[in-house]
$ cat final.txt   # compact mmCIF, N, CA and C atoms
# COMPACT_ATOMS: atom_id res chain seq x y z
N MET E 1412 47.92 -50.16 18.80
CA MET E 1412 47.50 -48.97 18.10
C MET E 1412 46.64 -49.40 16.91
N ARG E 1413 45.57 -48.63 16.72
CA ARG E 1413 44.65 -48.88 15.62
C ARG E 1413 44.59 -47.64 14.73
N LEU E 1414 44.77 -47.84 13.41
CA LEU E 1414 44.71 -46.70 12.52
C LEU E 1414 43.70 -46.95 11.41
N LEU E 1415 43.20 -45.85 10.86
CA LEU E 1415 42.31 -45.90 9.71
C LEU E 1415 43.09 -45.38 8.53
N ALA E 1416 43.34 -46.25 7.54
CA ALA E 1416 44.05 -45.85 6.32
C ALA E 1416 43.01 -45.58 5.24
N ILE E 1417 43.12 -44.40 4.61
CA ILE E 1417 42.21 -44.03 3.54
C ILE E 1417 43.04 -43.65 2.32
N SER E 1418 42.50 -43.91 1.13
CA SER E 1418 43.26 -43.62 -0.07
C SER E 1418 42.38 -43.65 -1.32
N ASP E 1419 42.68 -42.77 -2.26
CA ASP E 1419 42.20 -42.80 -3.64
C ASP E 1419 40.70 -42.59 -3.89
N LYS E 1420 39.83 -43.22 -3.15
CA LYS E 1420 38.39 -43.11 -3.41
C LYS E 1420 37.65 -42.62 -2.17
N ILE E 1421 36.70 -41.73 -2.40
CA ILE E 1421 35.84 -41.28 -1.31
C ILE E 1421 34.86 -42.40 -0.98
N VAL E 1422 34.76 -42.72 0.29
CA VAL E 1422 33.81 -43.72 0.77
C VAL E 1422 32.66 -42.95 1.42
N PRO E 1423 31.49 -42.89 0.77
CA PRO E 1423 30.40 -42.08 1.30
C PRO E 1423 30.01 -42.39 2.74
N SER E 1424 30.12 -43.64 3.16
CA SER E 1424 29.73 -43.99 4.54
C SER E 1424 30.70 -43.41 5.57
N LEU E 1425 31.91 -43.03 5.16
CA LEU E 1425 32.84 -42.39 6.09
C LEU E 1425 32.58 -40.89 6.19
N TYR E 1426 31.89 -40.34 5.22
CA TYR E 1426 31.60 -38.90 5.18
C TYR E 1426 30.20 -38.64 5.75
N THR E 1427 29.94 -39.23 6.91
CA THR E 1427 28.66 -39.08 7.59
C THR E 1427 28.90 -38.92 9.09
N PRO E 1428 27.91 -38.40 9.80
CA PRO E 1428 28.04 -38.29 11.25
C PRO E 1428 28.19 -39.64 11.96
N GLY E 1429 27.84 -40.74 11.30
CA GLY E 1429 27.94 -42.07 11.92
C GLY E 1429 29.28 -42.74 11.77
N ILE E 1430 30.31 -41.98 11.38
CA ILE E 1430 31.63 -42.57 11.14
C ILE E 1430 32.20 -43.27 12.38
N ARG E 1431 31.98 -42.70 13.56
CA ARG E 1431 32.54 -43.32 14.78
C ARG E 1431 31.96 -44.71 15.01
N GLN E 1432 30.68 -44.86 14.78
CA GLN E 1432 30.05 -46.17 14.96
C GLN E 1432 30.53 -47.16 13.90
N LEU E 1433 30.81 -46.66 12.71
CA LEU E 1433 31.24 -47.52 11.61
C LEU E 1433 32.65 -48.06 11.80
N VAL E 1434 33.59 -47.20 12.18
CA VAL E 1434 35.00 -47.62 12.26
C VAL E 1434 35.45 -48.00 13.66
N GLY E 1435 34.69 -47.62 14.67
CA GLY E 1435 35.11 -47.92 16.04
C GLY E 1435 36.20 -46.97 16.51
N ARG E 1436 36.93 -47.40 17.51
CA ARG E 1436 37.99 -46.56 18.09
C ARG E 1436 39.25 -46.68 17.26
N VAL E 1437 39.80 -45.55 16.82
CA VAL E 1437 41.08 -45.52 16.12
C VAL E 1437 41.98 -44.49 16.79
N ASN E 1438 43.28 -44.67 16.64
CA ASN E 1438 44.25 -43.76 17.25
C ASN E 1438 44.77 -42.70 16.29
N LEU E 1439 44.69 -42.97 14.99
CA LEU E 1439 45.11 -41.98 14.01
C LEU E 1439 44.55 -42.33 12.64
N VAL E 1440 44.52 -41.31 11.78
CA VAL E 1440 44.10 -41.49 10.39
C VAL E 1440 45.35 -41.33 9.53
N LEU E 1441 45.53 -42.25 8.59
CA LEU E 1441 46.63 -42.19 7.64
C LEU E 1441 46.03 -42.04 6.25
N SER E 1442 46.19 -40.86 5.67
CA SER E 1442 45.69 -40.62 4.32
C SER E 1442 46.83 -40.92 3.34
N CYS E 1443 46.62 -41.92 2.52
CA CYS E 1443 47.67 -42.39 1.61
C CYS E 1443 47.60 -41.76 0.23
N GLY E 1444 46.99 -40.59 0.14
CA GLY E 1444 47.05 -39.81 -1.08
C GLY E 1444 45.80 -39.82 -1.94
N ASP E 1445 45.73 -38.82 -2.82
CA ASP E 1445 44.71 -38.68 -3.84
C ASP E 1445 43.29 -38.57 -3.29
N LEU E 1446 43.15 -37.85 -2.18
CA LEU E 1446 41.83 -37.56 -1.62
C LEU E 1446 41.72 -36.06 -1.39
N PRO E 1447 40.52 -35.51 -1.52
CA PRO E 1447 40.37 -34.07 -1.27
C PRO E 1447 40.59 -33.73 0.20
N ASN E 1448 41.17 -32.58 0.44
CA ASN E 1448 41.48 -32.18 1.81
C ASN E 1448 40.25 -32.07 2.70
N TYR E 1449 39.12 -31.60 2.15
CA TYR E 1449 37.93 -31.46 2.98
C TYR E 1449 37.47 -32.81 3.51
N TYR E 1450 37.65 -33.86 2.74
CA TYR E 1450 37.26 -35.22 3.14
C TYR E 1450 38.17 -35.74 4.25
N ILE E 1451 39.47 -35.55 4.08
CA ILE E 1451 40.45 -35.98 5.10
C ILE E 1451 40.21 -35.22 6.40
N ASP E 1452 40.01 -33.92 6.30
CA ASP E 1452 39.77 -33.08 7.47
C ASP E 1452 38.50 -33.51 8.20
N TYR E 1453 37.46 -33.81 7.46
CA TYR E 1453 36.20 -34.24 8.07
C TYR E 1453 36.39 -35.52 8.87
N ILE E 1454 37.05 -36.50 8.28
CA ILE E 1454 37.24 -37.79 8.94
C ILE E 1454 38.08 -37.62 10.21
N ALA E 1455 39.21 -36.94 10.12
CA ALA E 1455 40.07 -36.75 11.28
C ALA E 1455 39.36 -35.94 12.37
N SER E 1456 38.59 -34.94 11.97
CA SER E 1456 37.86 -34.11 12.95
C SER E 1456 36.76 -34.89 13.64
N MET E 1457 36.01 -35.65 12.88
CA MET E 1457 34.91 -36.43 13.47
C MET E 1457 35.44 -37.52 14.41
N LEU E 1458 36.60 -38.07 14.09
CA LEU E 1458 37.18 -39.11 14.96
C LEU E 1458 38.03 -38.50 16.07
N ASP E 1459 38.34 -37.21 15.97
CA ASP E 1459 39.13 -36.49 16.96
C ASP E 1459 40.48 -37.17 17.22
N VAL E 1460 41.18 -37.45 16.11
CA VAL E 1460 42.49 -38.10 16.18
C VAL E 1460 43.46 -37.37 15.26
N PRO E 1461 44.77 -37.54 15.47
CA PRO E 1461 45.75 -36.95 14.55
C PRO E 1461 45.63 -37.58 13.17
N CYS E 1462 46.09 -36.83 12.18
CA CYS E 1462 46.05 -37.32 10.80
C CYS E 1462 47.41 -37.08 10.15
N PHE E 1463 47.93 -38.11 9.52
CA PHE E 1463 49.16 -38.01 8.75
C PHE E 1463 48.80 -38.22 7.29
N MET E 1464 49.37 -37.37 6.42
CA MET E 1464 49.02 -37.44 5.00
C MET E 1464 50.25 -37.65 4.14
N VAL E 1465 50.09 -38.51 3.14
CA VAL E 1465 51.10 -38.75 2.13
C VAL E 1465 50.53 -38.22 0.82
N GLN E 1466 51.28 -37.41 0.11
CA GLN E 1466 50.81 -36.85 -1.14
C GLN E 1466 50.60 -37.96 -2.17
N GLY E 1467 49.55 -37.82 -2.96
CA GLY E 1467 49.24 -38.82 -3.98
C GLY E 1467 50.04 -38.64 -5.25
N ASN E 1468 49.83 -39.52 -6.19
CA ASN E 1468 50.59 -39.50 -7.43
C ASN E 1468 49.82 -38.90 -8.60
N HIS E 1469 48.61 -38.41 -8.39
CA HIS E 1469 47.85 -37.80 -9.48
C HIS E 1469 48.18 -36.31 -9.59
N ALA E 1470 48.49 -35.88 -10.77
CA ALA E 1470 48.88 -34.49 -10.97
C ALA E 1470 47.77 -33.62 -11.54
N SER E 1471 46.68 -34.21 -11.99
CA SER E 1471 45.65 -33.45 -12.69
C SER E 1471 44.81 -32.57 -11.77
N GLY E 1472 44.72 -32.90 -10.51
CA GLY E 1472 43.90 -32.14 -9.59
C GLY E 1472 42.45 -32.57 -9.59
N GLN E 1473 42.06 -33.46 -10.48
CA GLN E 1473 40.67 -33.91 -10.56
C GLN E 1473 40.20 -34.55 -9.25
N GLU E 1474 41.10 -35.21 -8.56
CA GLU E 1474 40.70 -35.88 -7.32
C GLU E 1474 40.31 -34.89 -6.22
N PHE E 1475 40.62 -33.60 -6.42
CA PHE E 1475 40.29 -32.60 -5.42
C PHE E 1475 39.01 -31.85 -5.72
N ARG E 1476 38.31 -32.25 -6.74
CA ARG E 1476 37.00 -31.66 -7.02
C ARG E 1476 35.95 -32.49 -6.30
N HIS E 1477 34.93 -31.81 -5.77
CA HIS E 1477 33.94 -32.55 -4.99
C HIS E 1477 33.01 -33.37 -5.89
N VAL E 1478 32.55 -34.48 -5.34
CA VAL E 1478 31.58 -35.34 -5.99
C VAL E 1478 30.21 -34.73 -5.77
N ASN E 1479 29.31 -34.84 -6.74
CA ASN E 1479 28.00 -34.19 -6.67
C ASN E 1479 27.28 -34.38 -5.35
N HIS E 1480 27.28 -35.58 -4.80
CA HIS E 1480 26.52 -35.82 -3.57
C HIS E 1480 27.35 -35.61 -2.30
N LEU E 1481 28.60 -35.23 -2.45
CA LEU E 1481 29.45 -34.95 -1.30
C LEU E 1481 29.96 -33.52 -1.42
N VAL E 1482 29.18 -32.59 -0.97
CA VAL E 1482 29.54 -31.18 -1.10
C VAL E 1482 30.45 -30.80 0.06
N PRO E 1483 31.62 -30.23 -0.23
CA PRO E 1483 32.55 -29.88 0.84
C PRO E 1483 32.01 -28.74 1.69
N PRO E 1484 32.40 -28.70 2.96
CA PRO E 1484 32.00 -27.58 3.80
C PRO E 1484 32.55 -26.28 3.24
N ARG E 1485 31.86 -25.18 3.47
CA ARG E 1485 32.26 -23.92 2.87
C ARG E 1485 33.21 -23.10 3.74
N ALA E 1486 33.18 -23.22 5.03
CA ALA E 1486 33.92 -22.31 5.90
C ALA E 1486 35.10 -22.98 6.58
N THR E 1487 35.97 -23.63 5.82
CA THR E 1487 37.17 -24.24 6.40
C THR E 1487 38.39 -23.66 5.71
N PRO E 1488 39.54 -23.71 6.34
CA PRO E 1488 40.77 -23.24 5.70
C PRO E 1488 41.06 -23.98 4.39
N TRP E 1489 40.66 -25.26 4.31
CA TRP E 1489 40.93 -26.04 3.09
C TRP E 1489 40.21 -25.45 1.89
N THR E 1490 39.01 -24.91 2.13
CA THR E 1490 38.25 -24.38 0.98
C THR E 1490 38.98 -23.20 0.37
N TRP E 1491 39.60 -22.36 1.16
CA TRP E 1491 40.34 -21.23 0.63
C TRP E 1491 41.57 -21.69 -0.12
N MET E 1492 42.27 -22.68 0.39
CA MET E 1492 43.51 -23.12 -0.22
C MET E 1492 43.26 -23.76 -1.57
N ASN E 1493 42.13 -24.44 -1.73
CA ASN E 1493 41.86 -25.16 -2.96
C ASN E 1493 40.96 -24.38 -3.91
N GLY E 1494 40.56 -23.17 -3.55
CA GLY E 1494 39.78 -22.35 -4.43
C GLY E 1494 38.32 -22.73 -4.57
N TRP E 1495 37.76 -23.48 -3.62
CA TRP E 1495 36.33 -23.84 -3.70
C TRP E 1495 35.49 -22.74 -3.19
$ encode --input "final.txt" --output "structure tokens"
Amino acid sequence: MRLLAISDKIVPSLYTPGIRQLVGRVNLVLSCGDLPNYYIDYIASMLDVPCFMVQGNHASGQEFRHVNHLVPPRATPWTWMNGW
């Protein structure tokens, strides 16, 4: 089994249509916390694999605000839940 573990920092190269070529074949995504939901959803959707998430330790919510050059999609359930 091969998994992609992501955590804490947005990696711009993973938030692109070329993610499959970059990471190869994976069986699941493991989000280890402190990442915005739109980013996690994008990665799991593009790789078409299950995703397991562990809540992060940051309480401020700053990690869930989008970075200027990474604008979250507008029409997803995550956008409603996070107020974007």
$ residues_around --input "final.txt" --residues "Met1412 of chain E" --least-positions-apart "5" --cutoff "10 Å" --atoms "only C-alpha atoms" --output "MDAnalysis selection string"
chainID E and resid 1436:1439
$ residues_near_point --input "final.txt" --point "(45.4, -40.0, 9.6)" --cutoff "8 Å" --atoms "all atoms listed in the file" --output "list in words"
Leu1414, Leu1415, Ala1416, Ile1417, Asn1438, Leu1439, Val1440, Leu1441, Ser1442, Cys1443, Ile1451, Ile1454, Ala1455, Val1460, Pro1461, Cys1462, Phe1463 and Met1464 of chain E
$ write_last_selection --input "final.txt" --atoms "N, CA and C atoms" --output "short mmCIF file (atom, residue, chain, number, x, y, z; two decimals), in the frame of the given file"
data_model
loop_
_atom_site.label_atom_id
_atom_site.label_comp_id
_atom_site.auth_asym_id
_atom_site.auth_seq_id
_atom_site.Cartn_x
_atom_site.Cartn_y
_atom_site.Cartn_z
N LEU E 1414 44.77 -47.84 13.41
CA LEU E 1414 44.71 -46.70 12.52
C LEU E 1414 43.70 -46.95 11.41
N LEU E 1415 43.20 -45.85 10.86
CA LEU E 1415 42.31 -45.90 9.71
C LEU E 1415 43.09 -45.38 8.53
N ALA E 1416 43.34 -46.25 7.54
CA ALA E 1416 44.05 -45.85 6.32
C ALA E 1416 43.01 -45.58 5.24
N ILE E 1417 43.12 -44.40 4.61
CA ILE E 1417 42.21 -44.03 3.54
C ILE E 1417 43.04 -43.65 2.32
N ASN E 1438 43.28 -44.67 16.64
CA ASN E 1438 44.25 -43.76 17.25
C ASN E 1438 44.77 -42.70 16.29
N LEU E 1439 44.69 -42.97 14.99
CA LEU E 1439 45.11 -41.98 14.01
C LEU E 1439 44.55 -42.33 12.64
N VAL E 1440 44.52 -41.31 11.78
CA VAL E 1440 44.10 -41.49 10.39
C VAL E 1440 45.35 -41.33 9.53
N LEU E 1441 45.53 -42.25 8.59
CA LEU E 1441 46.63 -42.19 7.64
C LEU E 1441 46.03 -42.04 6.25
N SER E 1442 46.19 -40.86 5.67
CA SER E 1442 45.69 -40.62 4.32
C SER E 1442 46.83 -40.92 3.34
N CYS E 1443 46.62 -41.92 2.52
CA CYS E 1443 47.67 -42.39 1.61
C CYS E 1443 47.60 -41.76 0.23
N ILE E 1451 39.47 -35.55 4.08
CA ILE E 1451 40.45 -35.98 5.10
C ILE E 1451 40.21 -35.22 6.40
N ILE E 1454 37.05 -36.50 8.28
CA ILE E 1454 37.24 -37.79 8.94
C ILE E 1454 38.08 -37.62 10.21
N ALA E 1455 39.21 -36.94 10.12
CA ALA E 1455 40.07 -36.75 11.28
C ALA E 1455 39.36 -35.94 12.37
N VAL E 1460 41.18 -37.45 16.11
CA VAL E 1460 42.49 -38.10 16.18
C VAL E 1460 43.46 -37.37 15.26
N PRO E 1461 44.77 -37.54 15.47
CA PRO E 1461 45.75 -36.95 14.55
C PRO E 1461 45.63 -37.58 13.17
N CYS E 1462 46.09 -36.83 12.18
CA CYS E 1462 46.05 -37.32 10.80
C CYS E 1462 47.41 -37.08 10.15
N PHE E 1463 47.93 -38.11 9.52
CA PHE E 1463 49.16 -38.01 8.75
C PHE E 1463 48.80 -38.22 7.29
N MET E 1464 49.37 -37.37 6.42
CA MET E 1464 49.02 -37.44 5.00
C MET E 1464 50.25 -37.65 4.14
#
$ residues_around --input "final.txt" --residues "Thr1427 of chain E" --least-positions-apart "6" --cutoff "10 Å" --atoms "only C-alpha atoms" --output "PyMOL selection string"
chain E and resi 1433+1453-1454+1457+1481
$ atom_distance --input "final.txt" --atom1 "atom CA of Val1465 of chain E" --atom2 "atom CA of Gln1432 of chain E"
25.7 Å
$ atom_distance --input "final.txt" --atom1 "atom C of Ile1421 of chain E" --atom2 "atom C of Pro1447 of chain E"
10.5 Å
$ atom_distance --input "final.txt" --atom1 "atom CA of Gly1435 of chain E" --atom2 "atom CA of Asp1419 of chain E"
21.5 Å
$ closest_residue --input "final.txt" --among "E:Asn1468, E:Leu1458, E:Tyr1450, E:Asp1445" --to "Lys1420 of chain E" --atoms "all atoms listed in the file"
E:Asp1445
$ select_by_dssp --input "final.txt" --residues "segment 1423-1463 of chain E" --states "alpha helix (DSSP H)" --output "PyMOL selection string"
chain E and resi 1430-1434+1448-1458
$ axis_aligned_box --input "final.txt" --around "segment 1417-1424 of chain E" --padding-each-side "5 Å" --output "lines of an AutoDock Vina configuration file"
center_x = 36.5
center_y = -42.8
center_z = 0.8
size_x = 23.5
size_y = 13.1
size_z = 19.5
$ decode --input "final.txt" --residues "segment 1419-1462 of chain E" --atoms "N, CA and C atoms" --output "PDB file, in the first residue's frame"
ATOM      1  N   ASP E1419       0.282  20.500   7.467  1.00  0.00           N
ATOM      2  CA  ASP E1419       0.755  21.820   7.870  1.00  0.00           C
ATOM      3  C   ASP E1419       0.968  22.875   6.780  1.00  0.00           C
ATOM      4  N   LYS E1420       1.584  22.547   5.676  1.00  0.00           N
ATOM      5  CA  LYS E1420       1.881  23.549   4.647  1.00  0.00           C
ATOM      6  C   LYS E1420       1.291  23.141   3.306  1.00  0.00           C
ATOM      7  N   ILE E1421       0.733  24.119   2.615  1.00  0.00           N
ATOM      8  CA  ILE E1421       0.241  23.880   1.256  1.00  0.00           C
ATOM      9  C   ILE E1421       1.447  23.763   0.328  1.00  0.00           C
ATOM     10  N   VAL E1422       1.459  22.715  -0.465  1.00  0.00           N
ATOM     11  CA  VAL E1422       2.507  22.513  -1.465  1.00  0.00           C
ATOM     12  C   VAL E1422       1.888  22.871  -2.814  1.00  0.00           C
ATOM     13  N   PRO E1423       2.265  24.012  -3.402  1.00  0.00           N
ATOM     14  CA  PRO E1423       1.631  24.453  -4.641  1.00  0.00           C
ATOM     15  C   PRO E1423       1.663  23.425  -5.766  1.00  0.00           C
ATOM     16  N   SER E1424       2.709  22.627  -5.860  1.00  0.00           N
ATOM     17  CA  SER E1424       2.787  21.638  -6.946  1.00  0.00           C
ATOM     18  C   SER E1424       1.764  20.520  -6.787  1.00  0.00           C
ATOM     19  N   LEU E1425       1.229  20.319  -5.583  1.00  0.00           N
ATOM     20  CA  LEU E1425       0.176  19.318  -5.390  1.00  0.00           C
ATOM     21  C   LEU E1425      -1.198  19.880  -5.741  1.00  0.00           C
ATOM     22  N   TYR E1426      -1.315  21.192  -5.773  1.00  0.00           N
ATOM     23  CA  TYR E1426      -2.591  21.853  -6.064  1.00  0.00           C
ATOM     24  C   TYR E1426      -2.651  22.232  -7.545  1.00  0.00           C
ATOM     25  N   THR E1427      -2.320  21.276  -8.395  1.00  0.00           N
ATOM     26  CA  THR E1427      -2.324  21.473  -9.842  1.00  0.00           C
ATOM     27  C   THR E1427      -2.901  20.231 -10.518  1.00  0.00           C
ATOM     28  N   PRO E1428      -3.332  20.372 -11.765  1.00  0.00           N
ATOM     29  CA  PRO E1428      -3.826  19.204 -12.495  1.00  0.00           C
ATOM     30  C   PRO E1428      -2.758  18.124 -12.709  1.00  0.00           C
ATOM     31  N   GLY E1429      -1.479  18.450 -12.562  1.00  0.00           N
ATOM     32  CA  GLY E1429      -0.405  17.476 -12.766  1.00  0.00           C
ATOM     33  C   GLY E1429      -0.054  16.660 -11.543  1.00  0.00           C
ATOM     34  N   ILE E1430      -0.911  16.666 -10.527  1.00  0.00           N
ATOM     35  CA  ILE E1430      -0.603  15.959  -9.281  1.00  0.00           C
ATOM     36  C   ILE E1430      -0.386  14.458  -9.493  1.00  0.00           C
ATOM     37  N   ARG E1431      -1.163  13.845 -10.375  1.00  0.00           N
ATOM     38  CA  ARG E1431      -1.007  12.391 -10.596  1.00  0.00           C
ATOM     39  C   ARG E1431       0.383  12.047 -11.122  1.00  0.00           C
ATOM     40  N   GLN E1432       0.883  12.857 -12.033  1.00  0.00           N
ATOM     41  CA  GLN E1432       2.217  12.610 -12.575  1.00  0.00           C
ATOM     42  C   GLN E1432       3.293  12.857 -11.521  1.00  0.00           C
ATOM     43  N   LEU E1433       3.044  13.800 -10.631  1.00  0.00           N
ATOM     44  CA  LEU E1433       4.024  14.144  -9.608  1.00  0.00           C
ATOM     45  C   LEU E1433       4.155  13.067  -8.535  1.00  0.00           C
ATOM     46  N   VAL E1434       3.030  12.563  -8.030  1.00  0.00           N
ATOM     47  CA  VAL E1434       3.085  11.616  -6.907  1.00  0.00           C
ATOM     48  C   VAL E1434       2.988  10.159  -7.326  1.00  0.00           C
ATOM     49  N   GLY E1435       2.564   9.896  -8.548  1.00  0.00           N
ATOM     50  CA  GLY E1435       2.408   8.507  -8.980  1.00  0.00           C
ATOM     51  C   GLY E1435       1.148   7.884  -8.403  1.00  0.00           C
ATOM     52  N   ARG E1436       1.140   6.574  -8.366  1.00  0.00           N
ATOM     53  CA  ARG E1436      -0.041   5.845  -7.882  1.00  0.00           C
ATOM     54  C   ARG E1436      -0.020   5.780  -6.367  1.00  0.00           C
ATOM     55  N   VAL E1437      -1.107   6.219  -5.727  1.00  0.00           N
ATOM     56  CA  VAL E1437      -1.263   6.093  -4.279  1.00  0.00           C
ATOM     57  C   VAL E1437      -2.609   5.446  -3.988  1.00  0.00           C
ATOM     58  N   ASN E1438      -2.708   4.810  -2.827  1.00  0.00           N
ATOM     59  CA  ASN E1438      -3.936   4.124  -2.436  1.00  0.00           C
ATOM     60  C   ASN E1438      -4.827   4.951  -1.518  1.00  0.00           C
ATOM     61  N   LEU E1439      -4.232   5.914  -0.816  1.00  0.00           N
ATOM     62  CA  LEU E1439      -5.020   6.791   0.038  1.00  0.00           C
ATOM     63  C   LEU E1439      -4.226   8.037   0.382  1.00  0.00           C
ATOM     64  N   VAL E1440      -4.969   9.066   0.802  1.00  0.00           N
ATOM     65  CA  VAL E1440      -4.362  10.308   1.270  1.00  0.00           C
ATOM     66  C   VAL E1440      -4.584  10.379   2.775  1.00  0.00           C
ATOM     67  N   LEU E1441      -3.535  10.700   3.516  1.00  0.00           N
ATOM     68  CA  LEU E1441      -3.621  10.883   4.954  1.00  0.00           C
ATOM     69  C   LEU E1441      -3.275  12.336   5.253  1.00  0.00           C
ATOM     70  N   SER E1442      -4.281  13.099   5.660  1.00  0.00           N
ATOM     71  CA  SER E1442      -4.060  14.494   6.019  1.00  0.00           C
ATOM     72  C   SER E1442      -3.806  14.557   7.522  1.00  0.00           C
ATOM     73  N   CYS E1443      -2.610  14.975   7.879  1.00  0.00           N
ATOM     74  CA  CYS E1443      -2.191  14.969   9.286  1.00  0.00           C
ATOM     75  C   CYS E1443      -2.433  16.294   9.989  1.00  0.00           C
ATOM     76  N   GLY E1444      -3.369  17.077   9.485  1.00  0.00           N
ATOM     77  CA  GLY E1444      -3.813  18.260  10.193  1.00  0.00           C
ATOM     78  C   GLY E1444      -3.302  19.584   9.667  1.00  0.00           C
ATOM     79  N   ASP E1445      -4.015  20.641  10.069  1.00  0.00           N
ATOM     80  CA  ASP E1445      -3.662  22.028   9.811  1.00  0.00           C
ATOM     81  C   ASP E1445      -3.565  22.391   8.333  1.00  0.00           C
ATOM     82  N   LEU E1446      -4.475  21.838   7.545  1.00  0.00           N
ATOM     83  CA  LEU E1446      -4.586  22.195   6.131  1.00  0.00           C
ATOM     84  C   LEU E1446      -6.027  22.575   5.828  1.00  0.00           C
ATOM     85  N   PRO E1447      -6.233  23.496   4.895  1.00  0.00           N
ATOM     86  CA  PRO E1447      -7.609  23.863   4.552  1.00  0.00           C
ATOM     87  C   PRO E1447      -8.336  22.711   3.867  1.00  0.00           C
ATOM     88  N   ASN E1448      -9.614  22.602   4.136  1.00  0.00           N
ATOM     89  CA  ASN E1448     -10.403  21.500   3.585  1.00  0.00           C
ATOM     90  C   ASN E1448     -10.441  21.494   2.060  1.00  0.00           C
ATOM     91  N   TYR E1449     -10.482  22.684   1.436  1.00  0.00           N
ATOM     92  CA  TYR E1449     -10.537  22.712  -0.029  1.00  0.00           C
ATOM     93  C   TYR E1449      -9.288  22.087  -0.639  1.00  0.00           C
ATOM     94  N   TYR E1450      -8.149  22.240   0.014  1.00  0.00           N
ATOM     95  CA  TYR E1450      -6.875  21.684  -0.462  1.00  0.00           C
ATOM     96  C   TYR E1450      -6.876  20.155  -0.334  1.00  0.00           C
ATOM     97  N   ILE E1451      -7.314  19.664   0.813  1.00  0.00           N
ATOM     98  CA  ILE E1451      -7.390  18.215   1.047  1.00  0.00           C
ATOM     99  C   ILE E1451      -8.366  17.578   0.062  1.00  0.00           C
ATOM    100  N   ASP E1452      -9.523  18.199  -0.107  1.00  0.00           N
ATOM    101  CA  ASP E1452     -10.540  17.693  -1.021  1.00  0.00           C
ATOM    102  C   ASP E1452     -10.018  17.646  -2.458  1.00  0.00           C
ATOM    103  N   TYR E1453      -9.312  18.682  -2.866  1.00  0.00           N
ATOM    104  CA  TYR E1453      -8.762  18.728  -4.224  1.00  0.00           C
ATOM    105  C   TYR E1453      -7.798  17.569  -4.458  1.00  0.00           C
ATOM    106  N   ILE E1454      -6.887  17.362  -3.529  1.00  0.00           N
ATOM    107  CA  ILE E1454      -5.883  16.307  -3.684  1.00  0.00           C
ATOM    108  C   ILE E1454      -6.542  14.931  -3.741  1.00  0.00           C
ATOM    109  N   ALA E1455      -7.432  14.634  -2.798  1.00  0.00           N
ATOM    110  CA  ALA E1455      -8.098  13.334  -2.781  1.00  0.00           C
ATOM    111  C   ALA E1455      -8.953  13.133  -4.028  1.00  0.00           C
ATOM    112  N   SER E1456      -9.622  14.182  -4.479  1.00  0.00           N
ATOM    113  CA  SER E1456     -10.467  14.083  -5.681  1.00  0.00           C
ATOM    114  C   SER E1456      -9.643  13.866  -6.938  1.00  0.00           C
ATOM    115  N   MET E1457      -8.566  14.603  -7.071  1.00  0.00           N
ATOM    116  CA  MET E1457      -7.723  14.460  -8.266  1.00  0.00           C
ATOM    117  C   MET E1457      -7.054  13.087  -8.324  1.00  0.00           C
ATOM    118  N   LEU E1458      -6.725  12.535  -7.164  1.00  0.00           N
ATOM    119  CA  LEU E1458      -6.101  11.206  -7.136  1.00  0.00           C
ATOM    120  C   LEU E1458      -7.139  10.095  -7.109  1.00  0.00           C
ATOM    121  N   ASP E1459      -8.403  10.443  -6.871  1.00  0.00           N
ATOM    122  CA  ASP E1459      -9.513   9.491  -6.831  1.00  0.00           C
ATOM    123  C   ASP E1459      -9.248   8.351  -5.847  1.00  0.00           C
ATOM    124  N   VAL E1460      -8.872   8.750  -4.620  1.00  0.00           N
ATOM    125  CA  VAL E1460      -8.591   7.783  -3.560  1.00  0.00           C
ATOM    126  C   VAL E1460      -9.277   8.230  -2.272  1.00  0.00           C
ATOM    127  N   PRO E1461      -9.474   7.314  -1.320  1.00  0.00           N
ATOM    128  CA  PRO E1461     -10.031   7.710  -0.024  1.00  0.00           C
ATOM    129  C   PRO E1461      -9.077   8.643   0.716  1.00  0.00           C
ATOM    130  N   CYS E1462      -9.643   9.425   1.618  1.00  0.00           N
ATOM    131  CA  CYS E1462      -8.843  10.354   2.402  1.00  0.00           C
ATOM    132  C   CYS E1462      -9.220  10.224   3.872  1.00  0.00           C
TER     133      CYS E1462
END
